[in-house]
Every structure is written in C-alpha cells, then in structure tokens.
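Structure file work_31.cif (mmCIF, N, CA and C atoms) follows.
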```cif
data_model
loop_
_atom_site.label_atom_id
_atom_site.label_comp_id
_atom_site.auth_asym_id
_atom_site.auth_seq_id
_atom_site.Cartn_x
_atom_site.Cartn_y
_atom_site.Cartn_z
N MET A 1438 23.40 27.24 -21.48
CA MET A 1438 22.76 26.05 -20.95
C MET A 1438 22.98 24.91 -21.92
N ASN A 1439 23.29 23.73 -21.38
CA ASN A 1439 23.58 22.56 -22.19
C ASN A 1439 22.27 21.88 -22.62
N PRO A 1440 22.01 21.77 -23.97
CA PRO A 1440 20.75 21.18 -24.42
C PRO A 1440 20.74 19.65 -24.35
N THR A 1441 21.87 19.01 -24.06
CA THR A 1441 21.94 17.55 -24.00
C THR A 1441 21.31 17.04 -22.70
N LYS A 1442 20.35 16.17 -22.86
CA LYS A 1442 19.70 15.58 -21.68
C LYS A 1442 20.61 14.49 -21.13
N ARG A 1443 20.73 14.47 -19.80
CA ARG A 1443 21.58 13.47 -19.14
C ARG A 1443 20.70 12.44 -18.44
N LEU A 1444 21.10 11.19 -18.57
CA LEU A 1444 20.39 10.09 -17.94
C LEU A 1444 21.32 9.39 -16.96
N ALA A 1445 20.75 8.48 -16.18
CA ALA A 1445 21.55 7.72 -15.23
C ALA A 1445 21.10 6.27 -15.26
N GLY A 1446 22.05 5.38 -15.10
CA GLY A 1446 21.76 3.95 -15.06
C GLY A 1446 22.83 3.23 -14.28
N PRO A 1447 22.55 2.00 -13.88
CA PRO A 1447 23.52 1.26 -13.06
C PRO A 1447 24.59 0.56 -13.91
N CYS A 1448 25.76 0.41 -13.33
CA CYS A 1448 26.82 -0.40 -13.93
C CYS A 1448 26.46 -1.86 -13.67
N ARG A 1449 26.62 -2.73 -14.67
CA ARG A 1449 26.27 -4.14 -14.51
C ARG A 1449 27.26 -4.89 -13.62
N HIS A 1450 28.42 -4.31 -13.38
CA HIS A 1450 29.44 -4.99 -12.58
C HIS A 1450 29.45 -4.53 -11.13
N CYS A 1451 29.51 -3.22 -10.91
CA CYS A 1451 29.61 -2.72 -9.53
C CYS A 1451 28.28 -2.20 -9.01
N GLY A 1452 27.29 -1.93 -9.88
CA GLY A 1452 25.98 -1.48 -9.44
C GLY A 1452 25.87 0.00 -9.17
N ARG A 1453 26.97 0.73 -9.25
CA ARG A 1453 26.91 2.16 -8.98
C ARG A 1453 26.27 2.89 -10.17
N THR A 1454 25.72 4.05 -9.90
CA THR A 1454 25.00 4.82 -10.91
C THR A 1454 25.98 5.61 -11.79
N ILE A 1455 25.78 5.47 -13.10
CA ILE A 1455 26.59 6.18 -14.08
C ILE A 1455 25.70 7.19 -14.78
N GLU A 1456 26.15 8.44 -14.87
CA GLU A 1456 25.42 9.47 -15.62
C GLU A 1456 26.05 9.60 -16.99
N TYR A 1457 25.20 9.77 -18.02
CA TYR A 1457 25.68 9.84 -19.39
C TYR A 1457 24.67 10.61 -20.24
N PRO A 1458 25.09 11.12 -21.40
CA PRO A 1458 24.16 11.81 -22.30
C PRO A 1458 23.13 10.84 -22.86
N ALA A 1459 21.93 11.32 -23.12
CA ALA A 1459 20.82 10.46 -23.55
C ALA A 1459 21.10 9.76 -24.87
N HIS A 1460 21.86 10.36 -25.75
CA HIS A 1460 22.10 9.74 -27.05
C HIS A 1460 23.02 8.50 -26.96
N LEU A 1461 23.60 8.23 -25.79
CA LEU A 1461 24.48 7.07 -25.62
C LEU A 1461 23.75 5.83 -25.06
N VAL A 1462 22.43 5.89 -24.92
CA VAL A 1462 21.67 4.74 -24.39
C VAL A 1462 21.88 3.55 -25.31
N GLY A 1463 22.21 2.40 -24.72
CA GLY A 1463 22.41 1.17 -25.48
C GLY A 1463 23.83 0.94 -25.94
N THR A 1464 24.71 1.91 -25.76
CA THR A 1464 26.10 1.72 -26.14
C THR A 1464 26.89 1.15 -24.97
N ILE A 1465 28.10 0.69 -25.27
CA ILE A 1465 28.96 0.14 -24.22
C ILE A 1465 30.02 1.18 -23.88
N ALA A 1466 30.21 1.39 -22.58
CA ALA A 1466 31.19 2.38 -22.11
C ALA A 1466 31.91 1.81 -20.90
N LYS A 1467 33.02 2.43 -20.58
CA LYS A 1467 33.82 2.03 -19.42
C LYS A 1467 33.25 2.70 -18.17
N CYS A 1468 33.00 1.90 -17.12
CA CYS A 1468 32.47 2.44 -15.87
C CYS A 1468 33.55 3.30 -15.20
N PRO A 1469 33.23 4.52 -14.79
CA PRO A 1469 34.23 5.37 -14.14
C PRO A 1469 34.60 4.88 -12.74
N TYR A 1470 33.85 3.97 -12.17
CA TYR A 1470 34.11 3.49 -10.81
C TYR A 1470 34.93 2.20 -10.78
N CYS A 1471 34.50 1.21 -11.57
CA CYS A 1471 35.18 -0.09 -11.53
C CYS A 1471 36.05 -0.33 -12.76
N GLY A 1472 35.88 0.46 -13.81
CA GLY A 1472 36.70 0.33 -15.00
C GLY A 1472 36.26 -0.77 -15.96
N GLU A 1473 35.19 -1.49 -15.65
CA GLU A 1473 34.70 -2.56 -16.51
C GLU A 1473 33.80 -1.98 -17.60
N ALA A 1474 33.75 -2.68 -18.75
CA ALA A 1474 32.88 -2.27 -19.84
C ALA A 1474 31.44 -2.66 -19.48
N THR A 1475 30.52 -1.73 -19.61
CA THR A 1475 29.12 -1.98 -19.28
C THR A 1475 28.21 -1.31 -20.30
N GLU A 1476 27.05 -1.90 -20.51
CA GLU A 1476 26.09 -1.31 -21.43
C GLU A 1476 25.33 -0.21 -20.68
N LEU A 1477 25.18 0.93 -21.33
CA LEU A 1477 24.49 2.06 -20.71
C LEU A 1477 22.99 1.88 -20.89
N LEU A 1478 22.33 1.51 -19.82
CA LEU A 1478 20.89 1.29 -19.81
C LEU A 1478 20.25 2.19 -18.77
N LEU A 1479 18.96 2.40 -18.93
CA LEU A 1479 18.23 3.19 -17.93
C LEU A 1479 18.01 2.35 -16.68
N ALA A 1480 17.95 2.99 -15.56
CA ALA A 1480 17.64 2.30 -14.30
C ALA A 1480 16.19 1.86 -14.32
N THR A 1481 15.92 0.67 -13.83
CA THR A 1481 14.54 0.20 -13.77
C THR A 1481 13.83 0.92 -12.63
N PRO A 1482 12.60 1.35 -12.87
CA PRO A 1482 11.88 2.06 -11.81
C PRO A 1482 11.55 1.10 -10.67
N PRO A 1483 11.51 1.61 -9.44
CA PRO A 1483 11.18 0.73 -8.31
C PRO A 1483 9.74 0.25 -8.43
N SER A 1484 9.53 -0.98 -8.02
CA SER A 1484 8.17 -1.52 -8.08
C SER A 1484 7.37 -0.97 -6.90
N GLU A 1485 6.25 -0.39 -7.22
CA GLU A 1485 5.38 0.19 -6.21
C GLU A 1485 4.01 -0.47 -6.33
N PRO A 1486 3.34 -0.69 -5.21
CA PRO A 1486 2.01 -1.27 -5.31
C PRO A 1486 1.06 -0.29 -6.01
N SER A 1487 0.06 -0.84 -6.68
CA SER A 1487 -0.88 0.03 -7.40
C SER A 1487 -1.76 0.82 -6.45
N VAL A 1488 -1.97 0.31 -5.24
CA VAL A 1488 -2.77 1.01 -4.24
C VAL A 1488 -1.83 1.39 -3.09
N PRO A 1489 -1.79 2.66 -2.71
CA PRO A 1489 -0.91 3.06 -1.61
C PRO A 1489 -1.25 2.32 -0.32
N ARG A 1490 -0.25 2.11 0.50
CA ARG A 1490 -0.41 1.37 1.75
C ARG A 1490 -1.42 2.04 2.67
N ARG A 1491 -1.41 3.37 2.71
CA ARG A 1491 -2.33 4.11 3.58
C ARG A 1491 -3.78 3.83 3.22
N VAL A 1492 -4.07 3.75 1.93
CA VAL A 1492 -5.43 3.47 1.47
C VAL A 1492 -5.85 2.07 1.90
N MET A 1493 -4.93 1.10 1.78
CA MET A 1493 -5.26 -0.27 2.19
C MET A 1493 -5.55 -0.35 3.68
N VAL A 1494 -4.74 0.33 4.50
CA VAL A 1494 -4.94 0.30 5.95
C VAL A 1494 -6.28 0.92 6.32
N PHE A 1495 -6.60 2.08 5.74
CA PHE A 1495 -7.88 2.72 6.06
C PHE A 1495 -9.06 1.87 5.58
N SER A 1496 -8.90 1.19 4.45
CA SER A 1496 -9.98 0.32 3.96
C SER A 1496 -10.21 -0.86 4.90
N ILE A 1497 -9.14 -1.45 5.41
CA ILE A 1497 -9.28 -2.57 6.34
C ILE A 1497 -9.93 -2.12 7.64
N ILE A 1498 -9.51 -0.96 8.15
CA ILE A 1498 -10.09 -0.44 9.39
C ILE A 1498 -11.58 -0.14 9.18
N THR A 1499 -11.93 0.46 8.05
CA THR A 1499 -13.33 0.76 7.75
C THR A 1499 -14.15 -0.52 7.66
N GLY A 1500 -13.60 -1.54 7.02
CA GLY A 1500 -14.30 -2.83 6.93
C GLY A 1500 -14.52 -3.46 8.30
N LEU A 1501 -13.52 -3.37 9.17
CA LEU A 1501 -13.68 -3.92 10.53
C LEU A 1501 -14.75 -3.16 11.31
N ILE A 1502 -14.77 -1.85 11.20
CA ILE A 1502 -15.79 -1.06 11.90
C ILE A 1502 -17.18 -1.40 11.40
N LEU A 1503 -17.32 -1.55 10.08
CA LEU A 1503 -18.63 -1.91 9.52
C LEU A 1503 -19.05 -3.31 9.96
N ALA A 1504 -18.11 -4.26 9.99
CA ALA A 1504 -18.43 -5.62 10.42
C ALA A 1504 -18.85 -5.65 11.89
N LEU A 1505 -18.15 -4.89 12.74
CA LEU A 1505 -18.53 -4.83 14.15
C LEU A 1505 -19.91 -4.18 14.32
N GLY A 1506 -20.20 -3.16 13.55
CA GLY A 1506 -21.51 -2.51 13.62
C GLY A 1506 -22.61 -3.46 13.18
N LEU A 1507 -22.38 -4.24 12.14
CA LEU A 1507 -23.36 -5.21 11.67
C LEU A 1507 -23.58 -6.31 12.71
N ALA A 1508 -22.49 -6.77 13.32
CA ALA A 1508 -22.61 -7.79 14.37
C ALA A 1508 -23.40 -7.23 15.56
N ALA A 1509 -23.16 -5.98 15.92
CA ALA A 1509 -23.89 -5.36 17.03
C ALA A 1509 -25.38 -5.24 16.70
N CYS A 1510 -25.70 -4.93 15.45
CA CYS A 1510 -27.12 -4.84 15.04
C CYS A 1510 -27.81 -6.19 15.15
N PHE A 1511 -27.14 -7.27 14.69
CA PHE A 1511 -27.72 -8.60 14.79
C PHE A 1511 -27.89 -9.01 16.26
N PHE A 1512 -26.90 -8.68 17.09
CA PHE A 1512 -27.01 -8.99 18.52
C PHE A 1512 -28.19 -8.25 19.14
N ALA A 1513 -28.34 -6.97 18.83
CA ALA A 1513 -29.44 -6.18 19.38
C ALA A 1513 -30.78 -6.71 18.90
N LEU A 1514 -30.87 -7.13 17.64
CA LEU A 1514 -32.11 -7.68 17.11
C LEU A 1514 -32.47 -8.98 17.82
N LYS A 1515 -31.50 -9.86 18.00
CA LYS A 1515 -31.77 -11.13 18.70
C LYS A 1515 -32.18 -10.87 20.15
N TRP A 1516 -31.54 -9.91 20.79
CA TRP A 1516 -31.86 -9.58 22.17
C TRP A 1516 -33.29 -9.04 22.26
N ALA A 1517 -33.67 -8.17 21.32
CA ALA A 1517 -35.01 -7.61 21.33
C ALA A 1517 -36.06 -8.69 21.05
N GLN A 1518 -35.75 -9.62 20.15
CA GLN A 1518 -36.69 -10.70 19.86
C GLN A 1518 -36.86 -11.61 21.07
N SER A 1519 -35.79 -11.92 21.76
CA SER A 1519 -35.91 -12.80 22.93
C SER A 1519 -36.65 -12.12 24.07
N HIS A 1520 -36.49 -10.83 24.22
CA HIS A 1520 -37.18 -10.12 25.29
C HIS A 1520 -38.65 -9.84 24.95
N SER A 1521 -38.98 -9.77 23.67
CA SER A 1521 -40.37 -9.51 23.31
C SER A 1521 -41.22 -10.78 23.39
N SER A 1522 -40.61 -11.94 23.34
CA SER A 1522 -41.37 -13.20 23.40
C SER A 1522 -41.62 -13.65 24.85
N ARG A 1523 -41.00 -13.02 25.81
CA ARG A 1523 -41.23 -13.36 27.22
C ARG A 1523 -42.59 -12.85 27.67
N PRO A 1524 -43.25 -13.59 28.54
CA PRO A 1524 -44.53 -13.07 29.05
C PRO A 1524 -44.30 -11.87 29.96
N ALA A 1525 -45.24 -10.98 29.94
CA ALA A 1525 -45.14 -9.80 30.77
C ALA A 1525 -45.25 -10.22 32.24
N PRO A 1526 -44.47 -9.59 33.12
CA PRO A 1526 -44.56 -9.95 34.55
C PRO A 1526 -45.94 -9.60 35.10
N SER A 1527 -46.44 -10.49 35.95
CA SER A 1527 -47.75 -10.23 36.52
C SER A 1527 -47.64 -9.15 37.59
N PRO A 1528 -48.65 -8.30 37.67
CA PRO A 1528 -48.59 -7.26 38.68
C PRO A 1528 -48.74 -7.87 40.06
N THR A 1529 -47.99 -7.40 40.98
CA THR A 1529 -48.05 -7.92 42.35
C THR A 1529 -48.92 -6.98 43.19
N ALA A 1530 -49.60 -7.59 44.11
CA ALA A 1530 -50.45 -6.78 45.00
C ALA A 1530 -49.56 -6.06 45.99
N PRO A 1531 -49.89 -4.84 46.31
CA PRO A 1531 -49.07 -4.08 47.25
C PRO A 1531 -49.17 -4.72 48.64
N ALA A 1532 -48.09 -4.72 49.33
CA ALA A 1532 -48.04 -5.30 50.68
C ALA A 1532 -48.75 -4.36 51.67
N LYS A 1533 -49.52 -4.99 52.65
CA LYS A 1533 -50.24 -4.20 53.64
C LYS A 1533 -49.53 -4.18 54.93
#
```
For the structure just supplied, provide its representation as structure tokens.
Amino acid sequence: MNPTKRLAGPCRHCGRTIEYPAHLVGTIAKCPYCGEATELLLATPPSEPSVPRRVMVFSIITGLILALGLAACFFALKWAQSHSSRPAPSPTAPAK
C-alpha cells in the first residue's frame, strides 16, 4: 500500500482536476491536460449555506401555520365579543 497521500486541485488554465502527492502542494507543475505550468493548490470547498434548505422550508411553513392559527384565534375572539354584546332575543308568544 502506498503511504503517500494524494490530493486534487484545479489547473489555473484549463480548470480540469489534477491529482498529485500531498508533499507537492504549492509547487509549480505541468498540467497533464493542457500542458501549461500551474501551481498545485487544493480545490476550494463549495460554498454551502449554514442552515440546510430543508430546515429553512420547514421553518417557514411552521411560521405560516402559527400565524394563521393566531389570526384565527383573534377572529374567533372578536366574533365572540360581538355576539356577547348583542341583546338576547325576546321570547315570542306561541301562535294560537
């Protein structure tokens, strides 16, 4: 088994990935694809949001459900207040 760790990084000219031994980081080498001299650097990690998209979507949906529930509670409270302030209907005499 080969104890040398291998890394990969992009060529500055053609952008293709070059694999090389770890001890060569920072040196200049010839790209096997385009033949241009390029510095052997590590590939930059892709930028990822700190909060996964799924968590953001579920949080927004939860917030909307809570807001709708709160609005429904206020509506029910106003409806109950308006109906409690009305005078009670007078009893009608039965028809003969």
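Computed from the coordinates, the CA of Ile1465 (chain A) to CA of Arg1449 (chain A) distance equals 10.9 Å.
Here CA of Ala1459 (chain A) stands at a distance of 20.3 Å from CA of Glu1473 (chain A).
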Practice task
Enter the distance from atom N of Glu1476 (chain A) to CA of Gly1463 (chain A), in Å, rounded to one decimal.
Solution key: 7.5 Å
Handout entry: Residues returned when the PyMOL selection byres ((chain A and resi 1478) around 8) runs on this file, as a ChimeraX atom specification
Key = /A:1444-1449,1461-1465,1475-1477,1479-1481
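Taking only region 1440-1492 of chain A, the residues that DSSP calls strand (DSSP E) from the backbone come to A:Arg1443, A:Leu1444, A:Ala1445, A:Gly1446, A:Pro1447, A:Thr1454, A:Ile1455, A:Glu1456, A:Tyr1457, A:Pro1458, A:Ile1465, A:Ala1466, A:Lys1467, A:Ala1474, A:Thr1475, A:Glu1476.
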Practice task
Taking the DSSP assignment computed from this structure's backbone, write out as an MDAnalysis selection string all residues of chain A that belong to helix (DSSP H, G or I).
Solution key: chainID A and resid 1459:1461 1490:1521
Completion exercise
Across A:Ile1498, A:Glu1485, A:Leu1505, A:Arg1443, the smallest distance to His1460 (chain A), with all atoms listed in the file counted, is shown by A:Arg1443
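Ranking A:Pro1489, A:Gly1506, A:Pro1469, A:Pro1458 by their shortest atom-to-atom distance to Lys1442 (chain A), with only C-alpha atoms included, puts A:Pro1458 first.
Across A:Gly1500, A:Pro1482, A:Gly1472, A:Pro1524, the tightest approach to Ile1455 (chain A) is made by A:Gly1472 when counting only C-alpha atoms.
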Box for region 1481-1489 of chain A - axis-aligned, 5 Å on each of the six sides, all listed atoms - centre and size in Å to one decimal, as JSON.
```
{"center_x": 6.6, "center_y": 0.8, "center_z": -7.1, "size_x": 28.7, "size_y": 14.6, "size_z": 23.5}
```
